[in-house]
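*Asks:* Sending over structure_39.cif (mmCIF, N, CA and C atoms).
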data_final
loop_
_atom_site.label_atom_id
_atom_site.label_comp_id
_atom_site.auth_asym_id
_atom_site.auth_seq_id
_atom_site.Cartn_x
_atom_site.Cartn_y
_atom_site.Cartn_z
N MET A 48 79.81 126.23 88.64
CA MET A 48 79.22 126.91 87.50
C MET A 48 78.20 125.98 86.86
N GLY A 49 76.94 126.40 86.78
CA GLY A 49 75.88 125.55 86.28
C GLY A 49 75.73 125.52 84.77
N ILE A 50 75.59 126.68 84.15
CA ILE A 50 75.38 126.74 82.71
C ILE A 50 76.70 127.08 82.03
N ARG A 51 77.05 126.28 81.04
CA ARG A 51 78.31 126.50 80.30
C ARG A 51 78.10 127.37 79.08
N PHE A 52 76.97 127.18 78.39
CA PHE A 52 76.69 127.99 77.20
C PHE A 52 75.22 127.96 76.87
N PHE A 53 74.81 128.93 76.06
CA PHE A 53 73.44 129.05 75.57
C PHE A 53 73.53 129.32 74.08
N LEU A 54 72.93 128.45 73.28
CA LEU A 54 72.96 128.60 71.82
C LEU A 54 71.54 128.74 71.30
N LEU A 55 71.39 129.58 70.31
CA LEU A 55 70.12 129.72 69.61
C LEU A 55 70.44 129.42 68.14
N VAL A 56 69.83 128.38 67.60
CA VAL A 56 70.20 127.86 66.28
C VAL A 56 68.94 127.68 65.44
N ASN A 57 69.04 127.97 64.13
CA ASN A 57 67.88 127.73 63.27
C ASN A 57 67.87 126.28 62.76
N LYS A 58 66.83 125.92 62.01
CA LYS A 58 66.68 124.53 61.54
C LYS A 58 67.76 124.12 60.56
N GLN A 59 68.42 125.07 59.94
CA GLN A 59 69.50 124.76 59.00
C GLN A 59 70.84 124.58 59.71
N GLY A 60 70.86 124.78 61.02
CA GLY A 60 72.08 124.60 61.80
C GLY A 60 72.93 125.84 61.91
N GLN A 61 72.40 127.00 61.54
CA GLN A 61 73.14 128.25 61.63
C GLN A 61 72.95 128.86 63.01
N THR A 62 74.04 129.17 63.68
CA THR A 62 73.97 129.75 65.01
C THR A 62 73.55 131.21 64.90
N ARG A 63 72.54 131.57 65.65
CA ARG A 63 72.05 132.94 65.67
C ARG A 63 72.52 133.69 66.91
N VAL A 64 72.57 132.99 68.05
CA VAL A 64 73.08 133.57 69.29
C VAL A 64 73.95 132.50 69.96
N ALA A 65 75.12 132.91 70.41
CA ALA A 65 76.00 132.01 71.16
C ALA A 65 76.55 132.79 72.34
N GLN A 66 76.22 132.35 73.52
CA GLN A 66 76.68 133.00 74.75
C GLN A 66 77.40 131.93 75.58
N TYR A 67 78.68 132.14 75.88
CA TYR A 67 79.47 131.17 76.64
C TYR A 67 79.80 131.71 78.02
N TYR A 68 79.74 130.84 79.02
CA TYR A 68 80.01 131.22 80.40
C TYR A 68 81.17 130.43 80.99
N HIS A 69 81.81 129.62 80.18
CA HIS A 69 82.93 128.78 80.59
C HIS A 69 83.98 128.90 79.50
N HIS A 70 85.22 129.22 79.87
CA HIS A 70 86.24 129.46 78.85
C HIS A 70 86.58 128.18 78.09
N VAL A 71 86.51 128.28 76.77
CA VAL A 71 86.92 127.22 75.85
C VAL A 71 87.63 127.93 74.71
N ASP A 72 88.80 127.38 74.28
CA ASP A 72 89.50 128.05 73.18
C ASP A 72 88.65 128.01 71.91
N LEU A 73 88.91 128.94 71.02
CA LEU A 73 88.06 129.17 69.85
C LEU A 73 87.94 127.94 68.95
N GLN A 74 89.03 127.25 68.68
CA GLN A 74 88.99 126.09 67.79
C GLN A 74 88.11 124.98 68.38
N THR A 75 88.27 124.72 69.67
CA THR A 75 87.44 123.71 70.34
C THR A 75 85.98 124.13 70.35
N ARG A 76 85.75 125.40 70.57
CA ARG A 76 84.38 125.94 70.60
C ARG A 76 83.69 125.73 69.26
N VAL A 77 84.37 126.05 68.18
CA VAL A 77 83.79 125.91 66.83
C VAL A 77 83.50 124.44 66.53
N THR A 78 84.46 123.57 66.84
CA THR A 78 84.29 122.13 66.59
C THR A 78 83.15 121.55 67.42
N ASP A 79 83.15 121.86 68.72
CA ASP A 79 82.10 121.34 69.60
C ASP A 79 80.73 121.88 69.21
N GLU A 80 80.67 123.16 68.88
CA GLU A 80 79.39 123.76 68.51
C GLU A 80 78.80 123.06 67.29
N ALA A 81 79.62 122.79 66.29
CA ALA A 81 79.14 122.09 65.09
C ALA A 81 78.63 120.69 65.43
N GLN A 82 79.35 119.96 66.28
CA GLN A 82 78.91 118.61 66.67
C GLN A 82 77.64 118.66 67.50
N ILE A 83 77.57 119.61 68.41
CA ILE A 83 76.38 119.74 69.27
C ILE A 83 75.15 120.05 68.43
N ILE A 84 75.30 120.98 67.49
CA ILE A 84 74.17 121.35 66.64
C ILE A 84 73.72 120.16 65.80
N ARG A 85 74.67 119.42 65.23
CA ARG A 85 74.31 118.24 64.44
C ARG A 85 73.56 117.21 65.29
N LYS A 86 74.03 116.99 66.51
CA LYS A 86 73.38 116.02 67.40
C LYS A 86 71.95 116.45 67.74
N CYS A 87 71.76 117.71 68.04
CA CYS A 87 70.44 118.19 68.43
C CYS A 87 69.47 118.20 67.26
N LEU A 88 69.93 118.63 66.08
CA LEU A 88 69.06 118.67 64.92
C LEU A 88 68.69 117.28 64.42
N ALA A 89 69.54 116.29 64.70
CA ALA A 89 69.28 114.92 64.25
C ALA A 89 68.22 114.22 65.10
N ARG A 90 67.92 114.74 66.28
CA ARG A 90 66.94 114.11 67.16
C ARG A 90 65.52 114.34 66.63
N THR A 91 64.67 113.34 66.81
CA THR A 91 63.27 113.48 66.40
C THR A 91 62.45 114.01 67.55
N GLU A 92 61.21 114.37 67.26
CA GLU A 92 60.31 114.89 68.29
C GLU A 92 60.05 113.87 69.41
N LYS A 93 60.13 112.58 69.07
CA LYS A 93 59.83 111.54 70.04
C LYS A 93 61.02 111.16 70.91
N GLN A 94 62.19 111.69 70.58
CA GLN A 94 63.38 111.40 71.36
C GLN A 94 63.53 112.42 72.49
N CYS A 95 64.31 112.03 73.47
CA CYS A 95 64.55 112.85 74.66
C CYS A 95 65.24 114.17 74.28
N SER A 96 64.97 115.22 75.03
CA SER A 96 65.53 116.54 74.76
C SER A 96 66.81 116.83 75.52
N PHE A 97 67.40 115.83 76.13
CA PHE A 97 68.69 116.05 76.76
C PHE A 97 69.57 114.83 76.59
N MET A 98 70.90 115.09 76.58
CA MET A 98 71.88 114.03 76.37
C MET A 98 73.21 114.44 76.98
N GLU A 99 74.07 113.47 77.19
CA GLU A 99 75.42 113.72 77.70
C GLU A 99 76.34 114.04 76.52
N TYR A 100 77.28 114.96 76.76
CA TYR A 100 78.27 115.28 75.73
C TYR A 100 79.54 115.76 76.43
N ARG A 101 80.61 115.02 76.29
CA ARG A 101 81.92 115.39 76.83
C ARG A 101 81.90 115.87 78.28
N GLY A 102 81.24 115.15 79.13
CA GLY A 102 81.25 115.47 80.55
C GLY A 102 80.23 116.49 81.01
N PHE A 103 79.39 116.99 80.12
CA PHE A 103 78.32 117.87 80.53
C PHE A 103 77.03 117.49 79.82
N LYS A 104 75.94 118.11 80.21
CA LYS A 104 74.62 117.79 79.65
C LYS A 104 74.24 118.81 78.59
N LEU A 105 73.61 118.32 77.55
CA LEU A 105 73.00 119.17 76.53
C LEU A 105 71.49 119.09 76.73
N ILE A 106 70.87 120.21 76.92
CA ILE A 106 69.42 120.27 77.06
C ILE A 106 68.93 121.23 75.97
N PHE A 107 67.97 120.78 75.17
CA PHE A 107 67.51 121.63 74.08
C PHE A 107 66.01 121.54 73.92
N ARG A 108 65.49 122.53 73.24
CA ARG A 108 64.05 122.56 72.96
C ARG A 108 63.85 123.31 71.65
N ARG A 109 62.96 122.82 70.83
CA ARG A 109 62.66 123.48 69.56
C ARG A 109 61.38 124.27 69.68
N TYR A 110 61.44 125.53 69.29
CA TYR A 110 60.27 126.39 69.22
C TYR A 110 60.21 126.94 67.80
N ALA A 111 59.20 126.55 67.06
CA ALA A 111 59.03 126.95 65.65
C ALA A 111 60.29 126.58 64.88
N SER A 112 61.00 127.55 64.34
CA SER A 112 62.18 127.23 63.53
C SER A 112 63.49 127.41 64.30
N LEU A 113 63.40 127.64 65.60
CA LEU A 113 64.60 127.88 66.40
C LEU A 113 64.82 126.78 67.44
N TYR A 114 66.07 126.39 67.60
CA TYR A 114 66.47 125.46 68.64
C TYR A 114 67.18 126.26 69.73
N PHE A 115 66.74 126.10 70.96
CA PHE A 115 67.38 126.71 72.11
C PHE A 115 68.17 125.60 72.80
N ILE A 116 69.49 125.72 72.82
CA ILE A 116 70.37 124.67 73.33
C ILE A 116 71.16 125.21 74.51
N VAL A 117 71.13 124.48 75.62
CA VAL A 117 71.89 124.87 76.81
C VAL A 117 72.85 123.75 77.15
N GLY A 118 74.10 124.11 77.38
CA GLY A 118 75.08 123.18 77.90
C GLY A 118 75.21 123.43 79.39
N ALA A 119 75.01 122.39 80.19
CA ALA A 119 75.02 122.55 81.65
C ALA A 119 75.89 121.48 82.30
N ASP A 120 76.33 121.77 83.51
CA ASP A 120 77.12 120.79 84.26
C ASP A 120 76.32 119.52 84.48
N ALA A 121 77.02 118.43 84.71
CA ALA A 121 76.38 117.12 84.87
C ALA A 121 75.47 117.09 86.10
N THR A 122 75.67 117.98 87.05
CA THR A 122 74.87 117.98 88.28
C THR A 122 73.56 118.75 88.14
N GLU A 123 73.38 119.47 87.04
CA GLU A 123 72.17 120.27 86.85
C GLU A 123 70.96 119.39 86.57
N ASN A 124 69.80 119.87 86.99
CA ASN A 124 68.53 119.18 86.76
C ASN A 124 68.03 119.50 85.35
N GLU A 125 67.85 118.45 84.54
CA GLU A 125 67.44 118.64 83.15
C GLU A 125 66.08 119.31 83.03
N LEU A 126 65.14 118.92 83.86
CA LEU A 126 63.79 119.49 83.76
C LEU A 126 63.78 120.96 84.18
N ALA A 127 64.62 121.32 85.14
CA ALA A 127 64.72 122.72 85.53
C ALA A 127 65.30 123.56 84.38
N ILE A 128 66.25 123.00 83.67
CA ILE A 128 66.83 123.71 82.52
C ILE A 128 65.81 123.83 81.40
N LEU A 129 64.99 122.79 81.18
CA LEU A 129 63.92 122.89 80.18
C LEU A 129 62.93 124.01 80.54
N GLU A 130 62.60 124.11 81.84
CA GLU A 130 61.73 125.20 82.30
C GLU A 130 62.40 126.55 82.09
N PHE A 131 63.71 126.60 82.34
CA PHE A 131 64.47 127.83 82.12
C PHE A 131 64.42 128.24 80.65
N ILE A 132 64.63 127.28 79.75
CA ILE A 132 64.56 127.58 78.31
C ILE A 132 63.18 128.12 77.96
N HIS A 133 62.15 127.51 78.50
CA HIS A 133 60.79 127.97 78.23
C HIS A 133 60.59 129.41 78.73
N MET A 134 61.14 129.72 79.89
CA MET A 134 61.04 131.07 80.44
C MET A 134 61.75 132.08 79.54
N VAL A 135 62.92 131.71 79.02
CA VAL A 135 63.66 132.60 78.11
C VAL A 135 62.84 132.83 76.83
N VAL A 136 62.24 131.77 76.31
CA VAL A 136 61.41 131.90 75.10
C VAL A 136 60.22 132.82 75.37
N GLU A 137 59.56 132.64 76.51
CA GLU A 137 58.42 133.49 76.85
C GLU A 137 58.85 134.95 77.00
N THR A 138 60.01 135.18 77.59
CA THR A 138 60.51 136.53 77.78
C THR A 138 60.80 137.18 76.44
N MET A 139 61.49 136.46 75.57
CA MET A 139 61.78 137.00 74.23
C MET A 139 60.50 137.20 73.44
N ASP A 140 59.56 136.28 73.61
CA ASP A 140 58.27 136.39 72.92
C ASP A 140 57.53 137.63 73.38
N GLN A 141 57.59 137.92 74.68
CA GLN A 141 56.93 139.10 75.21
C GLN A 141 57.61 140.37 74.70
N TYR A 142 58.91 140.38 74.65
CA TYR A 142 59.64 141.57 74.19
C TYR A 142 59.45 141.81 72.69
N PHE A 143 59.64 140.76 71.90
CA PHE A 143 59.56 140.91 70.44
C PHE A 143 58.14 140.78 69.90
N GLU A 144 57.17 140.52 70.78
CA GLU A 144 55.77 140.33 70.41
C GLU A 144 55.63 139.23 69.37
N GLY A 145 56.09 138.04 69.72
CA GLY A 145 56.07 136.89 68.81
C GLY A 145 57.45 136.71 68.21
N VAL A 146 58.35 136.15 68.99
CA VAL A 146 59.75 136.06 68.56
C VAL A 146 59.90 135.11 67.38
N CYS A 147 60.73 135.53 66.43
CA CYS A 147 61.06 134.68 65.28
C CYS A 147 62.54 134.90 64.96
N GLU A 148 63.04 134.12 64.04
CA GLU A 148 64.46 134.20 63.69
C GLU A 148 64.87 135.59 63.22
N LEU A 149 64.03 136.25 62.46
CA LEU A 149 64.35 137.60 61.98
C LEU A 149 64.46 138.60 63.11
N ASP A 150 63.59 138.48 64.13
CA ASP A 150 63.69 139.36 65.30
C ASP A 150 65.06 139.22 65.95
N ILE A 151 65.52 137.98 66.08
CA ILE A 151 66.81 137.72 66.70
C ILE A 151 67.93 138.30 65.83
N MET A 152 67.87 138.06 64.54
CA MET A 152 68.94 138.52 63.64
C MET A 152 69.06 140.04 63.61
N PHE A 153 67.92 140.75 63.58
CA PHE A 153 67.96 142.20 63.48
C PHE A 153 68.09 142.90 64.83
N ASN A 154 67.92 142.15 65.91
CA ASN A 154 68.05 142.71 67.26
C ASN A 154 68.95 141.83 68.11
N ILE A 155 70.08 141.44 67.56
CA ILE A 155 70.98 140.52 68.25
C ILE A 155 71.45 141.11 69.58
N ASP A 156 71.64 142.42 69.63
CA ASP A 156 72.07 143.05 70.88
C ASP A 156 71.01 142.90 71.97
N LYS A 157 69.75 143.02 71.60
CA LYS A 157 68.67 142.86 72.59
C LYS A 157 68.58 141.42 73.09
N ALA A 158 68.78 140.46 72.18
CA ALA A 158 68.76 139.04 72.59
C ALA A 158 69.89 138.77 73.58
N HIS A 159 71.08 139.29 73.30
CA HIS A 159 72.20 139.11 74.24
C HIS A 159 71.94 139.83 75.55
N PHE A 160 71.34 141.01 75.47
CA PHE A 160 71.04 141.76 76.68
C PHE A 160 70.05 141.01 77.57
N ILE A 161 69.03 140.41 76.96
CA ILE A 161 68.06 139.61 77.72
C ILE A 161 68.77 138.44 78.39
N LEU A 162 69.64 137.75 77.65
CA LEU A 162 70.38 136.63 78.26
C LEU A 162 71.30 137.12 79.38
N ASP A 163 71.90 138.29 79.22
CA ASP A 163 72.75 138.84 80.28
C ASP A 163 71.96 139.17 81.54
N GLU A 164 70.71 139.55 81.37
CA GLU A 164 69.86 139.84 82.53
C GLU A 164 69.44 138.56 83.25
N VAL A 165 69.41 137.45 82.53
CA VAL A 165 68.94 136.18 83.09
C VAL A 165 70.09 135.35 83.67
N ILE A 166 71.23 135.33 82.98
CA ILE A 166 72.35 134.49 83.37
C ILE A 166 73.57 135.36 83.66
N ALA A 167 74.21 135.11 84.79
CA ALA A 167 75.47 135.80 85.12
C ALA A 167 76.46 134.74 85.59
N ASN A 168 77.62 134.70 84.95
CA ASN A 168 78.68 133.75 85.30
C ASN A 168 78.20 132.31 85.33
N GLY A 169 77.29 131.98 84.44
CA GLY A 169 76.82 130.61 84.34
C GLY A 169 75.74 130.23 85.33
N GLU A 170 75.24 131.17 86.06
CA GLU A 170 74.17 130.91 87.03
C GLU A 170 72.93 131.70 86.67
N ILE A 171 71.78 131.10 86.86
CA ILE A 171 70.51 131.79 86.60
C ILE A 171 70.29 132.76 87.75
N VAL A 172 70.18 134.05 87.42
CA VAL A 172 70.04 135.07 88.47
C VAL A 172 68.67 135.73 88.48
N GLU A 173 67.91 135.60 87.41
CA GLU A 173 66.59 136.23 87.37
C GLU A 173 65.65 135.43 86.49
N THR A 174 64.41 135.24 86.98
CA THR A 174 63.40 134.53 86.19
C THR A 174 62.11 135.34 86.03
N ASN A 175 62.05 136.49 86.65
CA ASN A 175 60.87 137.34 86.55
C ASN A 175 60.93 138.12 85.25
N LYS A 176 59.98 137.88 84.35
CA LYS A 176 60.00 138.50 83.02
C LYS A 176 59.94 140.03 83.09
N THR A 177 59.17 140.57 84.01
CA THR A 177 59.06 142.03 84.15
C THR A 177 60.40 142.63 84.53
N ARG A 178 61.09 142.02 85.49
CA ARG A 178 62.40 142.52 85.92
C ARG A 178 63.46 142.35 84.83
N ILE A 179 63.34 141.29 84.05
CA ILE A 179 64.30 141.05 82.97
C ILE A 179 64.15 142.11 81.88
N LEU A 180 62.90 142.42 81.53
CA LEU A 180 62.65 143.33 80.41
C LEU A 180 62.72 144.81 80.78
N ALA A 181 62.66 145.14 82.08
CA ALA A 181 62.67 146.55 82.49
C ALA A 181 63.91 147.29 81.99
N PRO A 182 65.14 146.78 82.19
CA PRO A 182 66.30 147.52 81.68
C PRO A 182 66.36 147.59 80.15
N VAL A 183 65.84 146.56 79.49
CA VAL A 183 65.82 146.56 78.02
C VAL A 183 64.89 147.67 77.53
N ARG A 184 63.77 147.82 78.17
CA ARG A 184 62.82 148.86 77.78
C ARG A 184 63.35 150.25 78.10
N VAL A 185 64.11 150.38 79.19
CA VAL A 185 64.74 151.68 79.51
C VAL A 185 65.71 152.06 78.39
N ILE A 186 66.48 151.11 77.92
CA ILE A 186 67.41 151.37 76.81
C ILE A 186 66.65 151.74 75.55
N ASP A 187 65.53 151.05 75.30
CA ASP A 187 64.70 151.39 74.13
C ASP A 187 64.21 152.84 74.21
N LYS A 188 63.76 153.27 75.41
CA LYS A 188 63.28 154.64 75.59
C LYS A 188 64.42 155.64 75.37
N ALA A 189 65.60 155.32 75.88
CA ALA A 189 66.75 156.20 75.70
C ALA A 189 67.13 156.31 74.23
N ASP A 190 67.05 155.20 73.51
CA ASP A 190 67.34 155.20 72.07
C ASP A 190 66.34 156.07 71.32
N LYS A 191 65.07 155.99 71.70
CA LYS A 191 64.04 156.81 71.03
C LYS A 191 64.25 158.30 71.30
N LEU A 192 64.66 158.63 72.54
CA LEU A 192 64.89 160.03 72.88
C LEU A 192 66.10 160.60 72.16
N SER A 193 67.11 159.78 71.93
CA SER A 193 68.31 160.26 71.27
C SER A 193 68.16 160.34 69.75
N SER A 194 67.12 159.71 69.23
CA SER A 194 66.91 159.74 67.77
C SER A 194 66.24 161.00 67.30
#
How does the structure come out when it is put into structure tokens?

*Replies:*
Amino acid sequence: MGIRFFLLVNKQGQTRVAQYYHHVDLQTRVTDEAQIIRKCLARTEKQCSFMEYRGFKLIFRRYASLYFIVGADATENELAILEFIHMVVETMDQYFEGVCELDIMFNIDKAHFILDEVIANGEIVETNKTRILAPVRVIDKADKLSS
């Protein structure tokens, strides 16, 4: 299993999206998430965007006011995960037409759906933005027809 979790966090440290692909009990998850967020937010722009944490790698990237944080196995390539994060940001940017924290908050289901199209069981299964967004747009059309 390559990816353990995907977090989307604002500059204040509030989690906006949390998707886990590796079972961790709730108490450990809450504690680890708080420590991970503190570690990532404490890093400066000049510091490295990946670090070791409890036997796995943390890879993160800041885009505007949002931090995209991925927990991955120690064997994963950090630069490939950074490229993956960039692809997710571009996909969300294309869907939301300029993604921001409010887009994520008011469309949390769409953000999770996009992540579900990209990651399955901790493995990256799709990187083509058109293929990722096609089912999301089908759901949007169905929602408009039912309204």

*Asks:* Please expand the PyMOL selection byres (((chain A and resi 94-108 and name CA) around 6) and name CA) into the concrete residues it hits in this file, giving the result as a PyMOL selection string.

*Replies:* chain A and resi 91-93+109+114-121

*Asks:* How would you write, as a list of chain:residue names, the residues chosen by the PyMOL selection byres (((chain A and resi 139 and name CA) around 10) and name CA) on this structure?

*Replies:*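 Evaluating the PyMOL selection byres (((chain A and resi 139 and name CA) around 10) and name CA) on these coordinates yields A:His133, A:Met134, A:Val135, A:Val136, A:Glu137, A:Thr138, A:Asp140, A:Gln141, A:Tyr142, A:Phe143, A:Glu144, A:Gly145, A:Val146, A:Cys147, A:Asp150, A:Ile151, A:Lys157, A:Ala158, A:Ile161, A:Leu162, A:Lys176, A:Ile179, A:Leu180.
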
*Asks:* Tell me, in Å to one decimal, how far atom N of A:Met152 is from atom CA of A:Lys58.

*Replies:* 13.9 Å

*Asks:* Rounded to one decimal place, report the atom CA of A:Thr78-atom CA of A:Val56 distance in Å.

*Replies:*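 Separating atom CA of A:Thr78 from atom CA of A:Val56 is a distance of 15.2 Å.
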
*Asks:* May I ask for the distance between atom CA of A:Ala127 and atom CA of A:Glu148, given in Å to one decimal place?

*Replies:*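 Going from atom CA of A:Ala127 over to atom CA of A:Glu148, I get 24.7 Å.
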
*Asks:* Would you write out, as a count of residues only, every residue that the PyMOL selection byres ((chain A and resi 55) around 7) captures in this file?

*Replies:* 14

*Asks:* Padding 5 Å on each side, edges along x, y and z: where is the centre of the box around the listed atoms of stretch 134-143 of chain A, and how long are its edges in Å to one decimal? Output it as lines of an AutoDock Vina configuration file.

*Replies:*
center_x = 60.3
center_y = 135.8
center_z = 75.2
size_x = 16.7
size_y = 22.1
size_z = 20.5
